[in-house]
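Shown next: protein-v4.txt, containing compact mmCIF, C-alpha atoms.
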# COMPACT_ATOMS: atom_id res chain seq x y z
CA MET Z 11 21.61 61.00 142.53
CA ILE Z 12 24.81 59.81 144.18
CA ASP Z 13 25.32 56.05 144.13
CA GLN Z 14 25.58 54.42 147.52
CA PRO Z 15 28.88 52.97 148.69
CA ASN Z 16 29.08 49.28 149.56
CA LEU Z 17 31.59 46.64 150.58
CA ASN Z 18 30.57 44.04 147.98
CA TYR Z 19 33.96 43.97 146.30
CA VAL Z 20 35.84 43.76 149.57
CA ASN Z 21 33.54 41.06 150.94
CA GLU Z 22 34.00 39.00 147.79
CA LEU Z 23 37.76 39.37 148.01
CA ALA Z 24 37.84 38.64 151.73
CA GLY Z 25 35.64 35.54 151.66
CA ASP Z 26 36.06 34.08 155.15
CA ASP Z 27 39.11 36.21 155.81
CA VAL Z 28 37.82 38.40 158.62
CA GLU Z 29 41.27 39.81 159.22
CA PHE Z 30 41.54 41.22 155.69
CA ARG Z 31 38.07 42.74 155.88
CA GLY Z 32 38.95 44.39 159.18
CA GLN Z 33 42.26 45.61 157.81
CA PHE Z 34 40.54 47.10 154.79
CA ILE Z 35 37.98 48.93 156.92
CA ASP Z 36 40.77 50.27 159.15
CA ILE Z 37 42.61 51.59 156.12
CA ILE Z 38 39.59 53.34 154.64
CA LYS Z 39 38.57 54.80 157.99
CA ASN Z 40 42.10 56.11 158.39
CA GLU Z 41 42.88 57.24 154.84
CA PHE Z 42 39.60 58.68 153.65
CA PRO Z 43 39.24 61.52 156.19
CA GLN Z 44 42.87 62.53 155.59
CA GLU Z 45 42.44 62.55 151.84
CA LYS Z 46 39.15 64.43 152.09
CA GLU Z 47 40.79 67.07 154.26
CA GLU Z 48 43.72 67.28 151.84
CA TYR Z 49 41.28 67.73 148.97
CA PHE Z 50 39.45 70.62 150.61
CA GLY Z 51 42.76 72.20 151.59
CA HIS Z 52 43.91 72.21 147.98
CA VAL Z 53 40.54 73.49 146.73
CA SER Z 54 40.43 76.38 149.17
CA ASN Z 55 43.98 77.37 148.21
CA THR Z 56 43.26 76.92 144.47
CA ARG Z 57 46.12 74.46 144.07
CA VAL Z 58 44.72 72.95 140.90
CA LYS Z 59 47.38 70.36 140.13
CA GLU Z 60 47.38 69.08 143.70
CA THR Z 61 43.58 68.99 143.66
CA ALA Z 62 43.66 66.84 140.52
CA GLU Z 63 46.20 64.52 142.19
CA ILE Z 64 44.05 63.94 145.25
CA VAL Z 65 40.92 63.51 143.12
CA HIS Z 66 42.82 60.82 141.25
CA LYS Z 67 43.61 59.11 144.53
CA LEU Z 68 40.08 59.40 145.89
CA LYS Z 69 38.44 58.08 142.76
CA HIS Z 70 40.16 54.73 143.30
CA LYS Z 71 38.28 54.47 146.59
CA PHE Z 72 34.99 55.17 144.79
CA ASN Z 73 35.71 52.20 142.57
CA ILE Z 74 36.55 49.93 145.49
CA LEU Z 75 33.34 50.99 147.22
CA GLY Z 76 31.30 50.02 144.16
CA MET Z 77 30.44 53.63 143.22
CA GLU Z 78 30.73 53.36 139.47
CA ASN Z 79 28.89 56.58 138.63
CA SER Z 80 30.87 58.51 141.19
CA TYR Z 81 34.06 57.10 139.72
CA LYS Z 82 33.01 58.30 136.27
CA LEU Z 83 32.24 61.74 137.65
CA ALA Z 84 35.67 61.85 139.34
CA VAL Z 85 37.35 60.95 136.04
CA VAL Z 86 35.58 63.89 134.39
CA TYR Z 87 36.34 66.20 137.32
CA GLU Z 88 40.03 65.30 137.27
CA MET Z 89 40.16 66.17 133.57
CA GLU Z 90 38.27 69.41 134.19
CA LEU Z 91 40.78 70.43 136.83
CA LEU Z 92 43.68 69.79 134.48
CA GLU Z 93 41.93 72.03 131.95
CA GLY Z 94 41.37 74.77 134.55
CA LYS Z 95 37.66 74.04 135.03
CA HIS Z 96 35.66 72.76 138.02
CA ASP Z 97 32.08 72.21 136.87
CA SER Z 98 31.81 68.93 138.81
CA GLN Z 99 33.11 70.32 142.09
CA SER Z 100 29.78 70.43 143.94
CA LYS Z 101 28.82 66.89 142.91
CA PHE Z 102 32.24 65.66 143.93
CA LYS Z 103 31.71 67.24 147.35
CA GLU Z 104 28.41 65.39 147.68
CA ILE Z 105 30.16 62.10 146.92
CA LEU Z 106 32.74 62.75 149.62
CA GLU Z 107 30.00 63.53 152.13
CA THR Z 108 28.13 60.35 151.18
CA ILE Z 109 31.24 58.25 151.79
CA GLU Z 110 31.98 60.04 155.03
CA GLU Z 111 28.51 59.13 156.32
CA TYR Z 112 28.85 55.54 155.10
CA ILE Z 113 32.20 55.04 156.77
CA LYS Z 114 30.63 55.86 160.11
CA THR Z 115 28.35 52.84 159.67
CA ILE Z 116 30.99 50.18 158.99
CA MET B 28 57.46 32.52 142.85
CA ASN B 29 58.06 35.64 144.90
CA CYS B 30 56.83 39.15 144.31
CA ILE B 31 56.78 42.69 145.60
CA ILE B 32 53.99 45.27 145.48
CA ILE B 33 54.62 48.93 144.74
CA ASP B 34 51.70 51.32 145.21
CA ASP B 35 51.46 54.61 147.06
CA GLU B 36 48.01 53.69 148.40
CA ALA B 37 47.78 51.36 151.39
CA MET B 38 44.35 50.16 150.32
CA ALA B 39 45.57 49.15 146.89
CA ARG B 40 48.55 47.30 148.39
CA ALA B 41 46.27 45.44 150.80
CA ILE B 42 44.06 44.34 147.92
CA VAL B 43 46.93 43.05 145.79
CA ARG B 44 48.37 41.28 148.83
CA GLN B 45 45.01 39.63 149.43
CA LEU B 46 44.81 38.55 145.80
CA CYS B 47 48.32 37.12 146.01
CA SER B 48 47.34 35.14 149.10
CA LYS B 49 44.82 33.27 146.96
CA ILE B 50 47.47 32.06 144.52
CA PRO B 51 49.33 28.94 145.72
CA GLY B 52 53.09 29.36 145.51
CA LEU B 53 53.02 33.15 145.15
CA ASP B 54 54.70 34.88 148.07
CA VAL B 55 54.67 38.61 148.72
CA ILE B 56 58.05 39.29 150.23
CA GLU B 57 57.80 43.07 150.51
CA GLU B 58 55.61 46.02 149.68
CA PHE B 59 56.54 49.64 149.06
CA ASP B 60 54.65 52.91 148.99
CA ASN B 61 57.15 54.43 146.56
CA ALA B 62 59.30 53.25 143.70
CA ILE B 63 62.59 54.69 144.96
CA SER B 64 62.61 52.41 148.02
CA ALA B 65 61.87 49.46 145.77
CA ILE B 66 64.91 50.20 143.60
CA LYS B 67 67.17 49.94 146.63
CA PHE B 68 65.51 46.66 147.58
CA LEU B 69 65.83 45.22 144.07
CA ASN B 70 69.56 45.91 144.13
CA GLN B 71 69.88 43.46 147.01
CA GLN B 72 67.21 40.86 146.33
CA ASP B 73 66.16 38.75 143.35
CA ILE B 74 62.45 38.64 142.79
CA ASP B 75 60.24 37.12 140.11
CA VAL B 76 57.36 39.56 139.78
CA ILE B 77 56.55 43.19 140.56
CA PHE B 78 52.98 44.41 140.88
CA LEU B 79 53.47 48.06 140.05
CA ASP B 80 51.09 51.00 140.24
CA ILE B 81 51.45 53.29 137.24
CA HIS B 82 50.26 56.47 138.86
CA MET B 83 52.45 57.46 141.76
CA PRO B 84 53.49 60.98 142.69
CA GLY B 85 56.99 62.04 141.75
CA PHE B 86 58.26 58.83 140.23
CA SER B 87 55.70 56.92 138.21
CA GLY B 88 55.54 53.23 137.49
CA VAL B 89 56.68 53.84 133.92
CA ASP B 90 59.66 55.90 135.18
CA PHE B 91 60.47 53.01 137.49
CA VAL B 92 60.41 50.40 134.72
CA GLN B 93 62.78 52.55 132.68
CA THR B 94 65.34 52.43 135.49
CA LEU B 95 65.44 48.62 135.65
CA LYS B 96 68.45 47.11 133.91
CA ASP B 97 67.57 43.45 134.27
CA PRO B 98 63.91 43.63 135.22
CA PRO B 99 61.78 40.80 136.54
CA LYS B 100 58.28 40.31 135.17
CA VAL B 101 56.14 43.37 135.81
CA VAL B 102 52.36 43.58 136.10
CA MET B 103 51.15 47.17 135.97
CA THR B 104 48.12 48.21 138.01
CA THR B 105 46.02 51.27 137.29
CA SER B 106 42.73 52.84 138.23
CA ASP B 107 42.47 54.51 134.82
CA THR B 108 41.19 52.51 131.91
CA ASP B 109 42.73 55.23 129.76
CA PHE B 110 46.09 54.12 130.99
CA ALA B 111 45.58 50.69 129.53
CA ILE B 112 48.44 50.94 128.43
CA ALA B 113 52.02 51.16 127.57
CA ALA B 114 52.04 47.64 128.82
CA TYR B 115 53.70 46.34 125.76
CA GLU B 116 56.21 49.10 125.29
CA TYR B 117 58.53 47.25 127.67
CA GLU B 118 59.29 43.59 127.27
CA CYS B 119 59.28 42.98 131.01
CA ILE B 120 55.65 44.15 131.34
CA VAL B 121 53.54 41.08 130.90
CA ASP B 122 50.13 42.46 131.84
CA TYR B 123 48.19 45.37 133.25
CA LEU B 124 45.33 45.22 135.69
CA VAL B 125 42.62 47.85 135.98
CA LYS B 126 41.46 48.49 139.54
CA PRO B 127 39.35 47.23 141.18
CA ILE B 128 41.06 43.96 140.34
CA THR B 129 38.92 40.84 140.46
CA LEU B 130 40.33 37.48 141.48
CA GLU B 131 39.40 36.03 138.11
CA ARG B 132 41.37 38.70 136.26
CA PHE B 133 44.27 38.38 138.68
CA GLU B 134 44.46 34.63 138.03
CA LYS B 135 44.66 35.31 134.30
CA SER B 136 47.53 37.65 134.96
CA ILE B 137 49.37 34.98 136.91
CA ALA B 138 48.87 32.61 133.98
CA LYS B 139 50.42 35.24 131.70
CA ILE B 140 53.41 35.52 134.02
CA HIS B 141 53.93 31.75 133.90
CA SER B 142 53.55 31.78 130.15
CA ALA B 143 56.04 34.64 129.74
CA SER B 144 58.51 32.88 132.03
CA THR B 145 58.48 29.75 129.90
CA GLN B 146 58.82 31.58 126.58
CA LYS B 147 62.14 31.12 124.88
CA PRO B 148 64.15 34.35 124.62
CA GLN B 149 64.57 33.75 120.88
CA ALA B 150 60.82 33.82 120.46
CA LYS B 151 60.65 37.24 122.11
CA VAL B 152 63.35 38.60 119.84
CA ALA B 153 61.47 37.34 116.84
CA ALA B 154 58.28 38.95 118.04
CA ASN B 155 60.03 42.30 118.41
CA ALA B 156 61.59 42.08 114.99
CA ASP B 157 58.19 41.59 113.44
CA SER B 158 56.64 44.60 115.11
CA ALA B 159 56.28 47.44 112.68
CA VAL B 160 53.48 48.83 110.55
CA GLY B 161 50.11 49.10 112.26
CA GLU B 162 51.54 48.94 115.75
CA ASP B 163 51.33 51.65 118.34
CA LEU B 164 53.61 53.71 120.49
CA TYR B 165 52.49 55.05 123.85
CA ILE B 166 53.85 58.36 124.99
CA ASN B 167 53.67 59.71 128.50
CA ILE B 168 52.24 63.23 128.64
CA ASP B 169 50.99 64.83 131.86
CA ARG B 170 50.59 61.44 133.53
CA ARG B 171 48.58 60.07 130.62
CA LEU B 172 49.72 57.52 128.15
CA ILE B 173 48.64 58.56 124.72
CA LYS B 174 48.54 56.06 121.89
CA LEU B 175 50.09 57.01 118.59
CA LYS B 176 49.96 54.86 115.50
CA LEU B 177 53.54 54.31 114.38
CA ASP B 178 52.69 54.67 110.73
CA GLU B 179 51.09 58.08 111.37
CA ILE B 180 54.23 59.58 112.87
CA LEU B 181 55.99 61.92 110.45
CA VAL B 182 58.94 63.48 112.23
CA ILE B 183 60.49 63.34 115.69
CA GLU B 184 62.60 66.30 116.69
CA ALA B 185 64.91 66.61 119.71
CA LYS B 186 64.32 69.75 121.77
CA GLY B 187 66.71 69.75 124.72
CA ASP B 188 65.36 67.34 127.35
CA TYR B 189 62.22 66.82 125.25
CA ILE B 190 61.22 65.52 121.87
CA ASP B 191 58.44 66.77 119.61
CA VAL B 192 56.53 63.98 117.95
CA LYS B 193 54.72 65.23 114.84
CA THR B 194 51.98 63.08 113.38
CA GLU B 195 49.62 63.65 110.49
CA LYS B 196 47.06 65.14 112.87
CA GLU B 197 48.89 66.58 115.85
CA GLU B 198 52.11 67.28 117.69
CA HIS B 199 53.16 66.11 121.16
CA ARG B 200 56.02 67.17 123.39
CA VAL B 201 57.43 64.28 125.43
CA HIS B 202 60.06 64.29 128.17
CA THR B 203 62.54 61.79 126.76
CA THR B 204 65.52 61.62 124.44
CA LEU B 205 65.79 60.90 120.75
CA LYS B 206 68.03 57.93 121.58
CA LYS B 207 65.38 56.35 123.82
CA ILE B 208 62.53 56.71 121.37
CA LYS B 209 64.70 55.46 118.53
CA GLU B 210 65.03 52.13 120.34
CA LYS B 211 61.22 51.78 120.28
CA LEU B 212 60.79 52.49 116.59
CA PRO B 213 60.91 49.84 113.86
CA GLU B 214 63.79 50.30 111.44
CA LYS B 215 61.44 49.43 108.61
CA LEU B 216 59.81 52.84 108.96
CA PHE B 217 62.14 55.16 110.78
CA LEU B 218 65.56 56.58 110.18
CA GLN B 219 67.65 59.15 111.95
CA ILE B 220 68.81 61.66 109.35
CA HIS B 221 70.24 64.28 111.67
CA ARG B 222 71.36 64.34 115.30
CA SER B 223 68.08 66.14 116.14
CA TYR B 224 65.69 64.38 113.76
CA ILE B 225 64.20 60.97 113.15
CA ILE B 226 61.85 60.68 110.20
CA ASN B 227 59.32 58.20 108.94
CA PHE B 228 60.96 57.80 105.57
CA THR B 229 57.84 56.31 103.98
CA LYS B 230 56.33 59.80 104.34
CA ILE B 231 58.99 61.64 102.38
CA ILE B 232 57.58 63.85 99.63
CA ASP B 233 60.86 64.96 98.14
CA ILE B 234 64.52 65.29 98.89
CA GLU B 235 66.83 68.16 98.13
CA ASP B 236 70.56 68.27 98.71
CA ASN B 237 70.48 68.88 102.43
CA SER B 238 66.84 68.40 103.42
CA VAL B 239 63.76 66.25 103.05
CA LEU B 240 60.17 67.39 102.85
CA ILE B 241 57.66 65.43 104.95
CA ALA B 242 54.15 66.90 104.86
CA LYS B 243 54.92 70.57 105.60
CA ASN B 244 58.10 69.82 107.52
CA VAL B 245 61.47 70.57 106.00
CA VAL B 246 63.95 68.38 107.84
CA PRO B 247 67.73 68.78 107.53
CA ILE B 248 69.89 65.81 106.55
CA SER B 249 73.31 65.62 108.13
CA ARG B 250 76.24 64.70 105.92
CA SER B 251 76.99 61.57 107.96
CA ASN B 252 73.39 60.27 107.80
CA ARG B 253 72.81 60.98 104.13
CA PRO B 254 74.43 57.75 102.76
CA GLU B 255 72.14 55.56 104.90
CA LEU B 256 69.07 57.50 103.75
CA MET B 257 70.06 57.10 100.12
CA ARG B 258 70.73 53.39 100.63
CA ARG B 259 67.22 52.90 102.04
CA LEU B 260 65.46 54.67 99.20
CA ASN B 261 64.14 52.83 96.20
CA LEU B 262 66.11 54.85 93.67
CA LEU B 263 65.41 54.65 89.96

Reformat the file's structure so that it appears as C-alpha cells.
Amino acid sequence: MIDQPNLNYVNELAGDDVEFRGQFIDIIKNEFPQEKEEYFGHVSNTRVKETAEIVHKLKHKFNILGMENSYKLAVVYEMELLEGKHDSQSKFKEILETIEEYIKTI
Amino acid sequence: MNCIIIDDEAMARAIVRQLCSKIPGLDVIEEFDNAISAIKFLNQQDIDVIFLDIHMPGFSGVDFVQTLKDPPKVVMTTSDTDFAIAAYEYECIVDYLVKPITLERFEKSIAKIHSASTQKPQAKVAANADSAVGEDLYINIDRRLIKLKLDEILVIEAKGDYIDVKTEKEEHRVHTTLKKIKEKLPEKLFLQIHRSYIINFTKIIDIEDNSVLIAKNVVPISRSNRPELMRRLNLL
C-alpha cells in the first residue's frame, strides 16, 4: 500500500504565506515530471548510477510530501541500484504514479 | 547575520529560504544550485553562514567545505539520515539538518550558530587537542560518509590519489591524501613512519629493524621517521 502524498509539511512551513505555498507547488509541478521522465530514461537505458542519482533526488520529494514509507522504500531502492539490483523498481514506479496523480489535484 | 543557500534542488532552496524568513535578523543574500558558483561569490563577498547541501552532483558539500580557506559557519543539510554526519570533521561545520527540516530544528541550528560565533578561539583549540581515543572519523566513499572509530584504525597506506584505511574489521579506499588525513588524526594514537604509511602505534605487535607488525600488516619504517617512532615508544 503506497502512502498518500500531502502538503502538511509545506502548509505548516507556509503558515499564512500564500506566496511561499504557491511557489512550492509551482516548483513541484515543474520539477517532478522532469525528474520522473529522467528516471525512466535512465532505467530504460540501464544507466544504473544515473538512476540511483535521480532516485536520491526524488526521495527528497517523498519526504517533503509526507510519504515516509515511500521514502524508506526509495532509500532501499537507491542502495539496491548501487549494488546492481532493482527489486524495488515496480513499487518505486507505483509511488511515482501516485505522486503524478496527486500533483494534478493541487 | 547574512547567509547563502547552496542546494541543487530548487524545492530544497525554497524551503531553507522560507525557514530563514522566520528568523529575525537572518538575511538570505544569495542562493546557488551548485557549489562552484558559490566559491566565486564567496571570493567577493563576506558572509556569516552557509546552508549547504551535502549531496550534489559533481562537487559535493564536503568537497566544497574542503576548498574553503577561511570558511564562515556552515550548516549542512541532507536528506539521508545516514549522512548524519561528518559534521564535526570540520571546525566550520556547526550543525547538520536532516530534511525535511522543521522550524523548531532550524531554530536550534541558529542558536548553535550564535553559540559557535561567541566561542573563544582558544576554547576551540583546546577542544581539538582533547579529541582522541573513542572519537570517530568519517570517510567519504561513494557519496556515503562512513564512520570509523579512530582507535580501531590500524594502518593507513597511500595509494596514488587514494588512501587505504585498514581497521580491525575492514579496509576502505578513500579519495584523499595521506597529508590530509594526517591532519584529522590525533597525535596521541597515530604516527607517520614512512612517506606512504601512517600507523596506530598503540596497535604495534612488534618491531624489527626496518618494519613494524600491526595485526597481519608488515609496515616499513623509513630511516627518517624511525627516531620519532622510537621516542614515542615506552622502551624498557

Please provide the set of residues having any atom within 12 Å of Z:Lys95, restricted to all atoms listed in the file, with same-chain residues fewer than 5 positions apart removed, written as a list of chain:residue names. Z:Thr56, Z:Val58, Z:Lys59, Z:Thr61, Z:Ala62, Z:Val86, Z:Tyr87, Z:Glu88, Z:Met89, Z:Glu90

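Atom to atom, atom CA of B:Ser106 and atom CA of Z:His70 stand 6.0 Å apart.
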
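The closest residue to chain Z, picked from B:Thr129, B:Asn237, B:Asn244, B:Thr94 and counting only C-alpha atoms, is B:Thr129.
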
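Computed from the coordinates, the atom CA of B:Asp163 to atom CA of Z:Leu92 distance equals 25.5 Å.
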
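Here the question is which of B:Thr194, B:Ser251, B:Gln45, B:Thr204 gets nearest to chain Z using all atoms listed in the file, and that residue is B:Gln45.
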
Within 7 Å of stretch 102-105 of chain Z using all atoms listed in the file, minus same-chain residues under 2 positions, as a ChimeraX atom specification: /Z:12,80,84,98-100,107-109

Store the residues picked out above, limited to C-alpha atoms, as a short mmCIF file (atom, residue, chain, number, x, y, z; two decimals), keeping the file's coordinate frame.
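Result file is again.cif:
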data_model
loop_
_atom_site.label_atom_id
_atom_site.label_comp_id
_atom_site.auth_asym_id
_atom_site.auth_seq_id
_atom_site.Cartn_x
_atom_site.Cartn_y
_atom_site.Cartn_z
CA ILE Z 12 24.81 59.81 144.18
CA SER Z 80 30.87 58.51 141.19
CA ALA Z 84 35.67 61.85 139.34
CA SER Z 98 31.81 68.93 138.81
CA GLN Z 99 33.11 70.32 142.09
CA SER Z 100 29.78 70.43 143.94
CA GLU Z 107 30.00 63.53 152.13
CA THR Z 108 28.13 60.35 151.18
CA ILE Z 109 31.24 58.25 151.79
#

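Of note, atom CA of B:Pro51 and atom CA of B:Ser144 are spaced 16.9 Å apart.
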
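Near (34.3, 49.1, 139.6), the residues inside the 12 Å limit, counting all atoms listed in the file, come to Pro15, Asn16, Leu17, Asn18, Tyr19, Val20, Lys69, His70, Lys71, Phe72, Asn73, Ile74, Leu75, Gly76, Met77, Glu78, Asn79, Ser80, Tyr81 and Lys82 of chain Z; Ser106, Asp107, Thr108, Val125, Lys126, Pro127, Ile128 and Thr129 of chain B.
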
Where does chain B meet chain Z within 12 Å, residue by residue, with the nearest atom pair and distance in Å to one decimal for each, counting all atoms listed in the file, listed by chain and rising number, as JSON lines?
{"residue": "B:Asp34", "atom": "CA", "partner": "Z:Lys67", "partner_atom": "CA", "distance": 11.3}
{"residue": "B:Asp35", "atom": "CA", "partner": "Z:Lys67", "partner_atom": "CA", "distance": 9.4}
{"residue": "B:Glu36", "atom": "CA", "partner": "Z:Lys67", "partner_atom": "CA", "distance": 8.0}
{"residue": "B:Ala37", "atom": "CA", "partner": "Z:Ile37", "partner_atom": "CA", "distance": 7.0}
{"residue": "B:Met38", "atom": "CA", "partner": "Z:Ile37", "partner_atom": "CA", "distance": 6.2}
{"residue": "B:Ala39", "atom": "CA", "partner": "Z:His70", "partner_atom": "CA", "distance": 8.6}
{"residue": "B:Arg40", "atom": "CA", "partner": "Z:Phe34", "partner_atom": "CA", "distance": 10.3}
{"residue": "B:Ala41", "atom": "CA", "partner": "Z:Phe34", "partner_atom": "CA", "distance": 7.2}
{"residue": "B:Ile42", "atom": "CA", "partner": "Z:Leu23", "partner_atom": "CA", "distance": 8.0}
{"residue": "B:Val43", "atom": "CA", "partner": "Z:Leu23", "partner_atom": "CA", "distance": 10.1}
{"residue": "B:Arg44", "atom": "CA", "partner": "Z:Phe30", "partner_atom": "CA", "distance": 9.7}
{"residue": "B:Gln45", "atom": "CA", "partner": "Z:Phe30", "partner_atom": "CA", "distance": 7.3}
{"residue": "B:Leu46", "atom": "CA", "partner": "Z:Leu23", "partner_atom": "CA", "distance": 7.4}
{"residue": "B:Cys47", "atom": "CA", "partner": "Z:Leu23", "partner_atom": "CA", "distance": 11.0}
{"residue": "B:Ser48", "atom": "CA", "partner": "Z:Ala24", "partner_atom": "CA", "distance": 10.5}
{"residue": "B:Lys49", "atom": "CA", "partner": "Z:Leu23", "partner_atom": "CA", "distance": 9.4}
{"residue": "B:Asp80", "atom": "CA", "partner": "Z:Lys67", "partner_atom": "CA", "distance": 11.8}
{"residue": "B:His82", "atom": "CA", "partner": "Z:His66", "partner_atom": "CA", "distance": 8.9}
{"residue": "B:Met83", "atom": "CA", "partner": "Z:Lys67", "partner_atom": "CA", "distance": 9.4}
{"residue": "B:Pro84", "atom": "CA", "partner": "Z:Glu63", "partner_atom": "CA", "distance": 8.1}
{"residue": "B:Gly85", "atom": "CA", "partner": "Z:Glu63", "partner_atom": "CA", "distance": 11.1}
{"residue": "B:Thr104", "atom": "CA", "partner": "Z:His70", "partner_atom": "CA", "distance": 11.6}
{"residue": "B:Thr105", "atom": "CA", "partner": "Z:His70", "partner_atom": "CA", "distance": 9.1}
{"residue": "B:Ser106", "atom": "CA", "partner": "Z:His70", "partner_atom": "CA", "distance": 6.0}
{"residue": "B:Asp107", "atom": "CA", "partner": "Z:Val85", "partner_atom": "CA", "distance": 8.3}
{"residue": "B:Thr108", "atom": "CA", "partner": "Z:Val85", "partner_atom": "CA", "distance": 10.2}
{"residue": "B:Asp109", "atom": "CA", "partner": "Z:Val85", "partner_atom": "CA", "distance": 10.1}
{"residue": "B:Val125", "atom": "CA", "partner": "Z:His70", "partner_atom": "CA", "distance": 10.3}
{"residue": "B:Lys126", "atom": "CA", "partner": "Z:His70", "partner_atom": "CA", "distance": 7.4}
{"residue": "B:Pro127", "atom": "CA", "partner": "Z:Ile74", "partner_atom": "CA", "distance": 5.8}
{"residue": "B:Ile128", "atom": "CA", "partner": "Z:Ile74", "partner_atom": "CA", "distance": 9.1}
{"residue": "B:Thr129", "atom": "CA", "partner": "Z:Leu23", "partner_atom": "CA", "distance": 7.8}
{"residue": "B:Leu130", "atom": "CA", "partner": "Z:Leu23", "partner_atom": "CA", "distance": 7.3}
{"residue": "B:Glu131", "atom": "CA", "partner": "Z:Leu23", "partner_atom": "CA", "distance": 10.6}
{"residue": "B:Phe133", "atom": "CA", "partner": "Z:Leu23", "partner_atom": "CA", "distance": 11.4}
{"residue": "B:Asp169", "atom": "CA", "partner": "Z:Leu92", "partner_atom": "CA", "distance": 9.2}
{"residue": "B:Arg170", "atom": "CA", "partner": "Z:Glu63", "partner_atom": "CA", "distance": 10.2}
{"residue": "B:Arg171", "atom": "CA", "partner": "Z:Met89", "partner_atom": "CA", "distance": 10.8}

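Proximity to B:Glu58 was assessed for B:Asp73, B:Ile32, B:Leu216, B:Lys186 counting all atoms listed in the file; the smallest distance is recorded for B:Ile32.
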
Residue nearest B:Val182 - candidates B:Phe91, B:Phe228, B:Phe59, B:Phe68, atoms counted: all atoms listed in the file: B:Phe228
